[in-house]
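Remarks on the structure that follows.
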Amino acid sequence: LALGAHGSGSLRLALVIAVLAGGVGAARFLRGLVRSTQASEITAIVNTADDTVLHGLNISPDIDTVTYTLANAIDPVRGWGLENETWTAMEALGRYVAVRPPLSGAAPNWFNLGDKDLATHFYRTARLGEGATLDQVTSEIASAWDIGVRLVPMTNDRVRTIVTLAQDCSAGPAGTEISFQEYFVQHRHAVSISKVRFEGAESARPLGLEILRDADAIIIAPSNPLVSIAPLRAMAGVDEALIKRRNSVVAISPIVAGAALKGPADRLMTELGHDASVVGVARLYSPICSTLIIDAADEHLASAVEAEGMRCVVTNTIMSTPEISEQLAKTALECAS
Ligand code: FO1
C-alpha cells in the first residue's frame, strides 16, 4: 500500500482495486468507480475473447468500450463506438460488397466501424505489427484518451469465443461454430446456441494475476458471466487466484428481475442450462466470490442467493445516472473491504 492524497488534503492509504470487466456494463460501473475513488487506484482486467480481425484490423471491442466510456467519448445510445461518429468509410465499402466473390470475406460491412473509431484500430494494428504486446498498446491508447484507470487485457495471447448453433438458422445448420462477433453483431444474438468455448484459453498466459493476489478489493463488474467473465476464468490460474482471495471478491449481478439490461445474458443463461436469475449468477460465482450484489427488484431472492453460500447485498444496480453508478461502486467497495 502507498500513501496517497485523497479528498480535501487528508492523507489515506492508496487502495489497489481490481475489476474484472467485459463491455458496456463494466464500462458504466467503472465510470461510477472513478467518481468514488481515485482513477489511479483502479486496474480493470478486460475480456479480449470478443476481439476480432476485420479488414486486416485488430479490433478489441471491450477494451475500446471501456476506454471510450471512461474518456466520456462513448456514444451514449449505442453504448459502443464514439459519439458524433461519421460513417463515410463504411458507406464507401458498400461499393465493393456488390463485386465480392461468393466465398470472399472481404468488405464485411455487417460490423460498423466509424471513421474516428477506425483510427484506434489503425493504431492498435500498426503497433502490434511492430511487435508491441496488446497490453502495451492498450496502455498507449488509454494514455491517449487520458483515462487514468489502468487497463489490462486479460492476456496478450489469442483467445477467441466460439459459439455452437443449437438449431438450423440463418447463420448455418445446427452444430455450426461461429465467432462471437458473428453471433453478437452479424446475427444480432437472435440465434439460439448450445455451447460456448474459448479457443486458446487453455494455453493463454493470463495478465493481472499479481494484481489479483495483492488487490485490496476485487470486483466482478455487471458483465455477462458466460461470455465476458468466463473467458478470464477459463485461463489457468485465474480461478485459483480468485479462490484464494474469495473474501475480498464481490460481484454485481448483470441479471435484474430475470432479464439482462443489455445483450443476451439472460437467454444465454437459459440456453446453456443455467437459471436466468440472480440465483443462477450466484451458482456460477459462489466458488470464487463471497458477496453478490443484486438489484432491489430481486430482493425476494436474497435468501436463495445466500443458500448458494454467498452474502447477498441488495441495492439499486441499474446505472441509469452517474450518481447511481457511483453509489453502486461505493457499495461494492464497502462489501469488499
Ligand atoms: N455492436 C453492434 O451491435 N453492432 C456493431 O456494428 C458494432 C460495431 C463495433 C465496432 C467497434 C467496437 O469496439 C464495438 C462494436 N460493437 C458493435 C459492439 C461490440 O461488438 C459488442 O458490444 C461487444 O463485443 C459485446 O461486449
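Residue names in the C-alpha cells use chain letters A, B, ... in the order shown, residue numbers from 1 in each chain, and ligand numbers from 1 in the order shown.
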(request) List all protein, DNA and RNA residues that have any atom at most 8 Å from ligand 1, counting only C-alpha atoms and all ligand atoms, and write the list as JSON, numbers by chain. (result) {"A": [22, 23, 24, 50, 51, 59, 60, 61, 62, 63, 64, 65, 78, 79, 80, 81, 110, 111, 112, 113, 114, 117, 180, 181, 184, 185, 186, 188, 228, 263]}
(message) Can you pull out every residue from range 221-317 of chain A that DSSP, working from the backbone, puts in strand (DSSP E or B), and format the result as an MDAnalysis selection string?
(response) chainID A and resid 249:252 255:256 259:260 291:295 311:315
(request) For Ile147 in chain A, list every protein, DNA or RNA residue within 12 Å, evaluated using only C-alpha atoms, and leave out those in the same chain fewer than 5 positions away; present the list as a list in words. (result)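 The neighbour list is Ala27, Leu30, Arg31, Val34, Gln38, Ala39, Ser40, Ile42, Thr43, Ala44, Asp64, Val66, Thr67, Tyr68, Thr69, Leu70, Ala71, Asn72, Ala73, Thr138, Ser139, Glu140, Ile141 and Ala142 of chain A.
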Could you dump the residues just selected with C-alpha atoms as an mmCIF file, in the first residue's frame?
```cif
data_model
loop_
_atom_site.group_PDB
_atom_site.id
_atom_site.type_symbol
_atom_site.label_atom_id
_atom_site.label_comp_id
_atom_site.auth_asym_id
_atom_site.auth_seq_id
_atom_site.Cartn_x
_atom_site.Cartn_y
_atom_site.Cartn_z
ATOM 1 C CA ALA A 27 -17.642 0.423 -18.504
ATOM 2 C CA LEU A 30 -16.010 1.776 -13.861
ATOM 3 C CA ARG A 31 -17.287 5.280 -14.585
ATOM 4 C CA VAL A 34 -13.821 6.633 -10.823
ATOM 5 C CA GLN A 38 -9.032 7.747 -7.415
ATOM 6 C CA ALA A 39 -8.681 6.512 -11.002
ATOM 7 C CA SER A 40 -5.039 5.612 -10.315
ATOM 8 C CA ILE A 42 -8.206 1.083 -10.287
ATOM 9 C CA THR A 43 -6.991 -1.684 -12.591
ATOM 10 C CA ALA A 44 -9.533 -3.184 -14.975
ATOM 11 C CA ASP A 64 -12.466 0.156 -26.608
ATOM 12 C CA VAL A 66 -14.195 0.780 -21.520
ATOM 13 C CA THR A 67 -11.671 3.313 -22.884
ATOM 14 C CA TYR A 68 -14.231 5.456 -24.704
ATOM 15 C CA THR A 69 -16.667 5.355 -21.761
ATOM 16 C CA LEU A 70 -14.033 6.462 -19.241
ATOM 17 C CA ALA A 71 -12.972 9.196 -21.678
ATOM 18 C CA ASN A 72 -16.626 10.360 -21.852
ATOM 19 C CA ALA A 73 -16.427 9.846 -25.606
ATOM 20 C CA THR A 138 -3.819 -0.821 -24.633
ATOM 21 C CA SER A 139 -1.872 1.409 -22.196
ATOM 22 C CA GLU A 140 -0.823 3.700 -25.032
ATOM 23 C CA ILE A 141 -4.412 4.049 -26.236
ATOM 24 C CA ALA A 142 -5.635 4.605 -22.648
#
```
(message) Which residue is closest to Leu165 in chain A? Choose from A:Ala276, A:Ser104, A:Arg124, A:Leu268 and count only C-alpha atoms.
(response) A:Leu268
(request) Identify all residues of range 177-264 of chain A in alpha helix (DSSP H) (DSSP on the backbone) and supply them as number ranges by chain. (result) A: 180-181, 209-214, 230-233, 238-244
(request) Go through A:Asn84, A:Thr52, A:Gln327, A:Ser253 and flag the residue nearest Ala297 in chain A, using only C-alpha atoms for the distances. (result)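 Of the candidates, the smallest distance to Ala297 in chain A is held by A:Ser253.
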(request) Write out as a PyMOL selection string which residues come within 6 Å of Val305 in chain A when counting only C-alpha atoms, dropping same-chain ones fewer than 2 positions away. (result) chain A and resi 279+282+302-303+307-308
Save the residues we just selected, C-alpha atoms, as a JSON list (two decimals), in the first residue's frame?
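Output (out_13.json):
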```json
[["chain", "number", "residue", "atom", "x", "y", "z"],
["A", 279, "VAL", "CA", -29.58, -17.35, -8.13],
["A", 282, "ALA", "CA", -24.75, -16.91, -7.57],
["A", 302, "ALA", "CA", -31.72, -12.72, -1.39],
["A", 303, "SER", "CA", -32.12, -15.78, 0.85],
["A", 307, "ALA", "CA", -28.31, -20.51, 0.26],
["A", 308, "GLU", "CA", -25.69, -20.77, -2.52]]
```
(request) For CA of Thr125 in chain A and CA of Val97 in chain A, quote the distance in Å rounded to one decimal. (result) 23.3 Å
(request) Within 12 Å of Ala296 in chain A, counting only C-alpha atoms, which residues show up once you throw out same-chain ones fewer than 3 positions away? Write them as a ChimeraX atom specification, please. (result) /A:253,255-257,278,293,299-302,312-318
